[in-house]
file model-v3.cif (mmCIF, C-alpha atoms)
data_entry
loop_
_atom_site.label_atom_id
_atom_site.label_comp_id
_atom_site.auth_asym_id
_atom_site.auth_seq_id
_atom_site.Cartn_x
_atom_site.Cartn_y
_atom_site.Cartn_z
CA MET Z 11 68.29 64.26 97.07
CA ALA Z 12 70.81 66.25 99.01
CA THR Z 13 68.64 67.51 101.80
CA ALA Z 14 68.99 67.64 105.54
CA GLY Z 15 67.84 69.59 108.51
CA ARG Z 16 69.73 71.70 111.01
CA GLY Z 17 71.38 70.98 114.32
CA ASP Z 18 71.20 67.58 115.98
CA ASP Z 19 68.62 64.92 115.47
CA PRO Z 20 67.19 64.52 118.99
CA LYS Z 21 65.70 61.07 118.28
CA LYS Z 22 68.82 59.40 116.92
CA GLY Z 23 71.30 61.55 118.82
CA LYS Z 24 73.56 61.93 115.79
CA PRO Z 25 74.43 65.28 114.22
CA VAL Z 26 72.40 66.29 111.19
CA VAL Z 27 74.56 67.77 108.46
CA PRO Z 28 73.56 71.13 107.03
CA SER Z 29 71.86 71.08 103.66
CA LEU Z 30 73.63 72.50 100.62
CA ARG Z 31 71.44 75.58 100.85
CA GLU Z 32 72.60 76.13 104.43
CA GLN Z 33 76.22 75.54 103.42
CA ALA Z 34 75.86 78.16 100.68
CA HIS Z 35 74.31 80.63 103.11
CA LYS Z 36 77.10 80.01 105.60
CA GLU Z 37 79.79 80.54 102.97
CA ARG Z 38 78.12 83.75 101.90
CA MET Z 39 77.90 85.02 105.48
CA ASP Z 40 81.54 84.06 106.16
CA LEU Z 41 82.63 86.09 103.13
CA LEU Z 42 80.52 89.04 104.23
CA ARG Z 43 82.07 88.86 107.70
CA LEU Z 44 85.49 89.05 106.06
CA ALA Z 45 84.34 92.02 103.98
CA ASP Z 46 83.25 93.75 107.18
CA LYS Z 47 86.96 94.03 108.06
CA SER Z 48 87.73 95.83 104.81
CA GLN Z 49 89.65 99.10 104.75
CA TYR Z 50 87.07 100.46 102.25
CA PRO Z 51 84.06 101.93 104.08
CA GLU Z 52 81.83 101.47 101.04
CA ILE Z 53 82.61 97.73 100.95
CA ARG Z 54 81.84 97.48 104.68
CA ALA Z 55 78.52 99.27 104.19
CA ALA Z 56 77.61 97.06 101.21
CA ALA Z 57 78.60 93.92 103.16
CA LEU Z 58 76.41 94.93 106.08
CA ASP Z 59 73.47 95.61 103.80
CA MET Z 60 73.97 92.29 101.97
CA ALA Z 61 74.25 90.39 105.26
CA LYS Z 62 70.99 91.90 106.52
CA ARG Z 63 69.14 91.01 103.32
CA SER Z 64 70.67 87.55 103.19
CA SER Z 65 69.73 86.76 106.80
CA LYS Z 66 66.21 88.00 106.28
CA HIS Z 67 65.83 85.89 103.16
CA GLN Z 68 67.27 82.83 104.89
CA ARG Z 69 64.93 83.26 107.88
CA SER Z 70 61.91 83.45 105.59
CA GLN Z 71 63.12 80.34 103.72
CA GLU Z 72 63.64 78.42 106.94
CA ALA Z 73 60.31 79.40 108.45
CA ARG Z 74 58.21 76.29 108.88
CA VAL Z 75 54.99 78.28 109.11
CA PRO Z 76 54.24 80.73 106.30
CA PRO Z 77 54.12 84.38 107.47
CA THR Z 78 50.67 84.86 105.89
CA LEU Z 79 49.24 82.07 108.05
CA ILE Z 80 50.69 83.70 111.18
CA LEU Z 81 49.24 87.05 110.16
CA VAL Z 82 45.79 85.52 109.62
CA LEU Z 83 46.03 83.65 112.94
CA ASN Z 84 46.99 86.83 114.80
CA ILE Z 85 44.17 88.80 113.18
CA VAL Z 86 41.69 86.10 114.28
CA LEU Z 87 43.18 86.19 117.81
CA ALA Z 88 42.89 89.98 117.91
CA MET Z 89 39.25 89.82 116.84
CA ALA Z 90 38.52 87.13 119.45
CA ALA Z 91 40.23 89.21 122.17
CA THR Z 92 38.26 92.31 121.16
CA LEU Z 93 34.98 90.39 121.21
CA ALA Z 94 35.81 88.87 124.60
CA CYS Z 95 36.58 92.33 126.03
CA TRP Z 96 33.37 93.70 124.58
CA TYR Z 97 31.39 90.81 126.12
CA ALA Z 98 33.07 91.34 129.49
CA VAL Z 99 32.28 95.08 129.50
CA LEU Z 100 28.64 94.44 128.58
CA HIS Z 101 27.96 91.62 131.03
CA TYR Z 102 30.06 92.33 134.14
CA PRO Z 103 30.38 95.27 136.53
CA PRO Z 104 33.43 97.57 136.02
CA PRO Z 105 36.00 96.07 138.44
CA ILE Z 106 35.43 92.52 137.16
CA SER Z 107 35.15 93.56 133.52
CA TYR Z 108 38.46 95.49 133.74
CA GLU Z 109 40.14 92.43 135.20
CA LEU Z 110 38.64 90.18 132.53
CA CYS Z 111 39.78 92.59 129.81
CA SER Z 112 43.32 92.67 131.14
CA ILE Z 113 43.37 88.84 131.30
CA ASN Z 114 42.05 88.77 127.73
CA ILE Z 115 44.72 91.13 126.48
CA LEU Z 116 47.50 89.29 128.29
CA LEU Z 117 46.28 85.97 126.92
CA PHE Z 118 46.16 87.49 123.45
CA LEU Z 119 49.73 88.79 123.77
CA VAL Z 120 51.00 85.43 125.01
CA LEU Z 121 49.31 83.60 122.12
CA VAL Z 122 50.75 86.12 119.63
CA GLY Z 123 54.14 85.64 121.26
CA ILE Z 124 53.89 81.85 120.91
CA SER Z 125 52.75 82.15 117.29
CA LEU Z 126 55.77 84.33 116.51
CA PHE Z 127 58.30 82.47 118.66
CA LEU Z 128 57.70 78.94 117.38
CA PRO Z 129 58.36 79.72 113.70
CA GLY Z 130 61.40 81.80 114.67
CA TYR Z 131 60.12 85.34 114.11
CA LEU Z 132 60.57 86.33 117.75
CA SER Z 133 63.74 85.99 119.77
CA GLN Z 134 63.81 83.96 122.97
CA SER Z 135 64.53 87.03 125.13
CA ASN Z 136 61.55 88.93 123.72
CA PHE Z 137 59.35 85.87 124.15
CA MET Z 138 60.42 85.62 127.79
CA LYS Z 139 59.62 89.32 128.20
CA ILE Z 140 56.09 88.68 126.94
CA LEU Z 141 55.70 85.70 129.29
CA SER Z 142 56.79 87.85 132.21
CA TRP Z 143 53.84 90.25 131.72
CA PRO Z 144 51.09 87.82 132.85
CA VAL Z 145 53.36 86.59 135.65
CA SER Z 146 53.82 90.12 137.00
CA HIS Z 147 50.09 90.75 136.56
CA ILE Z 148 49.25 87.62 138.59
CA LYS Z 149 51.76 88.68 141.28
CA THR Z 150 50.20 92.15 141.51
CA TRP Z 151 46.72 90.68 141.68
CA TRP Z 152 47.79 88.18 144.37
CA ARG Z 153 49.42 90.92 146.45
CA SER Z 154 46.37 93.19 146.26
CA ARG Z 155 44.14 90.24 147.22
CA GLY Z 156 46.36 89.53 150.23
CA ASP Z 157 46.23 93.21 151.26
CA LYS Z 158 42.44 93.22 151.09
CA GLN Z 159 42.20 90.07 153.22
CA SER Z 160 44.52 91.52 155.87
CA GLU Z 161 42.43 94.73 155.96
CA ASN Z 162 39.31 92.63 156.63
CA MET F 26 84.71 96.32 80.36
CA SER F 27 82.38 99.26 79.93
CA SER F 28 78.82 98.06 79.51
CA PRO F 29 76.07 100.49 80.54
CA LYS F 30 75.15 98.20 83.42
CA PHE F 31 78.75 98.11 84.63
CA GLU F 32 78.93 101.90 84.47
CA ARG F 33 75.70 102.12 86.45
CA VAL F 34 77.20 99.98 89.21
CA LYS F 35 80.27 102.22 89.26
CA GLN F 36 78.12 105.34 89.48
CA GLY F 37 76.22 103.81 92.38
CA HIS F 38 79.48 103.20 94.25
CA PRO F 39 81.87 106.02 93.32
CA GLY F 40 84.25 105.09 96.12
CA LEU F 41 84.76 101.66 94.59
CA SER F 42 85.17 102.84 91.02
CA GLU F 43 88.86 102.00 90.82
CA LEU F 44 88.41 98.57 92.40
CA LEU F 45 85.50 97.81 90.08
CA ASP F 46 87.64 98.79 87.09
CA ARG F 47 90.37 96.40 88.21
CA LEU F 48 87.80 93.70 88.79
CA GLY F 49 86.30 94.38 85.36
CA ALA F 50 89.70 93.92 83.76
CA TYR F 51 90.17 90.67 85.68
CA ILE F 52 86.75 89.37 84.62
CA ARG F 53 87.47 90.24 81.00
CA ALA F 54 90.81 88.42 81.16
CA GLN F 55 89.14 85.36 82.71
CA ILE F 56 86.46 85.24 80.05
CA ALA F 57 89.02 85.73 77.30
CA SER F 58 90.99 82.79 78.64
CA GLY F 59 87.88 80.61 78.55
CA GLN F 60 87.01 80.58 82.25
CA GLY F 61 83.29 80.19 82.72
CA TYR F 62 83.14 81.26 86.36
CA ILE F 63 84.61 84.00 88.47
CA VAL F 64 85.48 82.61 91.90
CA PRO F 65 85.75 85.23 94.69
CA LYS F 66 88.80 83.55 96.21
CA LEU F 67 90.73 83.64 92.93
CA ALA F 68 89.60 87.17 92.14
CA ALA F 69 90.72 88.24 95.61
CA ALA F 70 94.17 86.75 95.09
CA ALA F 71 94.51 88.42 91.70
CA LEU F 72 93.39 91.84 92.94
CA ARG F 73 95.19 91.58 96.29
CA LEU F 74 92.01 91.96 98.28
CA ASN F 75 90.57 89.76 100.97
CA ASP F 76 88.04 87.13 99.87
CA GLY F 77 85.17 89.07 101.40
CA GLU F 78 86.03 92.29 99.57
CA ALA F 79 86.20 90.47 96.23
CA PHE F 80 82.90 88.76 97.00
CA VAL F 81 81.16 92.05 97.79
CA LEU F 82 82.45 93.64 94.57
CA LEU F 83 81.31 90.64 92.54
CA ASP F 84 77.96 90.63 94.30
CA LEU F 85 77.52 94.33 93.52
CA LEU F 86 78.05 93.46 89.86
CA ALA F 87 75.53 90.63 90.22
CA GLU F 88 73.00 93.05 91.73
CA GLY F 89 73.66 95.35 88.78
CA ASP F 90 72.89 92.44 86.42
CA VAL F 91 76.42 92.43 85.02
CA LEU F 92 77.16 89.03 86.56
CA ARG F 93 74.99 86.16 87.64
CA ARG F 94 75.33 84.43 91.02
CA VAL F 95 75.85 80.69 90.66
CA TYR F 96 76.60 77.84 93.05
CA ASN F 97 79.13 75.19 92.13
CA VAL F 98 78.62 71.86 93.86
CA TYR F 99 81.68 69.63 94.27
CA CYS F 100 82.11 66.04 95.38
CA ARG F 101 84.39 66.27 98.42
CA LYS F 102 85.87 62.83 97.82
CA GLU F 103 86.81 63.35 94.18
CA ASN F 104 87.01 67.15 94.39
CA ALA F 105 85.12 67.20 91.11
CA LEU F 106 82.52 69.69 89.96
CA LEU F 107 79.15 67.93 89.94
CA ALA F 108 76.80 70.73 89.03
CA THR F 109 76.39 74.45 88.71
CA VAL F 110 73.02 75.82 89.72
CA ASN F 111 71.60 79.30 89.48
CA SER F 112 69.55 79.43 92.65
CA LEU F 113 69.62 78.23 96.23
CA ASP F 114 66.42 76.28 95.60
CA ASP F 115 68.14 74.23 92.91
CA LEU F 116 70.88 73.20 95.35
CA ASP F 117 68.54 70.71 96.98
CA LYS F 118 68.00 69.02 93.62
CA VAL F 119 71.66 68.13 93.23
CA ALA F 120 71.71 64.42 93.86
CA HIS F 121 73.74 61.94 91.95
CA CYS F 122 77.53 61.93 91.78
CA ASP F 123 78.63 60.38 88.48
CA PHE F 124 82.22 60.14 89.70
CA CYS F 125 81.36 57.97 92.71
CA ASP F 126 78.13 56.63 91.19
CA ALA F 127 76.35 57.39 94.46
CA ASP F 128 73.76 59.72 95.94
CA HIS F 129 75.85 61.76 98.31
CA ASP F 130 74.87 63.09 101.70
CA PRO F 131 75.29 66.92 101.87
CA SER F 132 78.29 66.34 104.15
CA ASN F 133 80.09 64.75 101.20
CA LEU F 134 79.37 67.71 98.97
CA LYS F 135 80.86 71.18 98.97
CA VAL F 136 79.22 74.37 97.75
CA GLU F 137 81.17 77.25 96.30
CA VAL F 138 79.62 80.61 95.52
CA ALA F 139 80.77 81.84 92.11
CA PHE F 140 79.72 84.28 89.43
CA SER F 141 79.23 83.97 85.71
CA PRO F 142 78.65 86.73 83.17
CA ALA F 143 74.99 87.61 82.76
CA ASN F 144 73.86 86.54 79.30
CA SER F 145 73.02 90.00 78.07
CA ASP F 146 76.44 91.32 79.00
CA LEU F 147 78.49 88.44 77.70
CA ARG F 148 79.12 90.26 74.44
CA ASP F 149 80.25 93.44 76.22
CA LEU F 150 82.54 91.56 78.55
CA ALA F 151 84.34 89.74 75.79
CA ALA F 152 84.66 92.89 73.67
#
call {"tool": "encode", "arguments": {"input": "model-v3.cif", "output": "structure tokens"}}
result
Amino acid sequence: MATAGRGDDPKKGKPVVPSLREQAHKERMDLLRLADKSQYPEIRAAALDMAKRSSKHQRSQEARVPPTLILVLNIVLAMAATLACWYAVLHYPPPISYELCSINILLFLVLVGISLFLPGYLSQSNFMKILSWPVSHIKTWWRSRGDKQSEN
Amino acid sequence: MSSPKFERVKQGHPGLSELLDRLGAYIRAQIASGQGYIVPKLAAAALRLNDGEAFVLLDLLAEGDVLRRVYNVYCRKENALLATVNSLDDLDKVAHCDFCDADHDPSNLKVEVAFSPANSDLRDLAA
């Protein structure tokens, strides 16, 4: 069987050759890149459209986790986050419940981000953006805590 | 080459009508001379286009069901055609090289995107 993965094999340290499917995709994309330099605007537009569809198809083929599973996982996470917020509002006084809700939501967003980033549906920069939200929240909380202590 | 499907592709891309006509004539000539596959590189050379332009025109015909996208797999060592498959999925099933009598690693194989006439239009193309 002519199969192989992508990139380098980290265990053996030797390069892993692209599979035939990946070679075919690369050839197709190379040709579309050439077509993008065409003097005919209609060919350029068609090449762009084909490249978009081809990349999308390739991404879905390469995805190690099926998109349906991710969708189900995210729906379950959303339900859990909603229930946790509901519980916090019912059982804690407003300032604490608000804080618990915001922690819940941030945790939910981070978990959604991880579930999208690992299979390759989310770019690294967007994933880092999501990770920066809880960090900035913690910083704000820490600063306000420090202010309160200095007032006392 | 004037099958209804071919005309539909031309109508969808009026700006490429002339190029598609030239490509149609080339495809007809290739089929008449017994060539089973239309290779973008060769079509580009014949039509004085760049490889990418020829590929896009051929792919438009494939989307219009005039042609069929195929993948030719070659043994790099012998430069011999091992198999022609219709889908990307089938590429991973290409295994044994009869020329070398070995199961090649993908690095020893080469894939070429090509096009063949869609079955339903074969009659029209040759006419």
call {"tool": "closest_residue", "arguments": {"input": "model-v3.cif", "among": "Z:Val99, Z:Ala57, Z:Val27, Z:Val75", "to": "Phe127 of chain Z", "atoms": "only C-alpha atoms"}}
result
Z:Val75
call {"tool": "interface_residues", "arguments": {"input": "model-v3.cif", "of": "chain Z", "to": "chain F", "cutoff": "8 Å", "atoms": "only C-alpha atoms", "output": "ChimeraX atom specification"}}
result
/Z:11-14,27-31,33-34,37-38,40-46,48,52-53,56-57
call {"tool": "resolve_selection", "arguments": {"input": "model-v3.cif", "expression": "the PyMOL selection byres ((chain Z and resi 84-90) around 8)", "output": "ChimeraX atom specification"}}
result
/Z:80-83,91-94,118,121-122,125
call {"tool": "atom_distance", "arguments": {"input": "model-v3.cif", "atom1": "atom CA of Trp143 of chain Z", "atom2": "atom CA of Glu161 of chain Z"}}
result
27.2 Å
call {"tool": "closest_residue", "arguments": {"input": "model-v3.cif", "among": "F:Lys102, F:Arg47, F:Arg33, F:Arg93", "to": "Tyr62 of chain F", "atoms": "all atoms listed in the file"}}
result
F:Arg93
call {"tool": "atom_distance", "arguments": {"input": "model-v3.cif", "atom1": "atom CA of Arg63 of chain Z", "atom2": "atom CA of Phe140 of chain F"}}
result
18.7 Å
call {"tool": "closest_residue", "arguments": {"input": "model-v3.cif", "among": "F:Leu92, F:Ala87, F:Cys100, F:Ala127", "to": "Ile56 of chain F", "atoms": "all atoms listed in the file"}}
result
F:Leu92
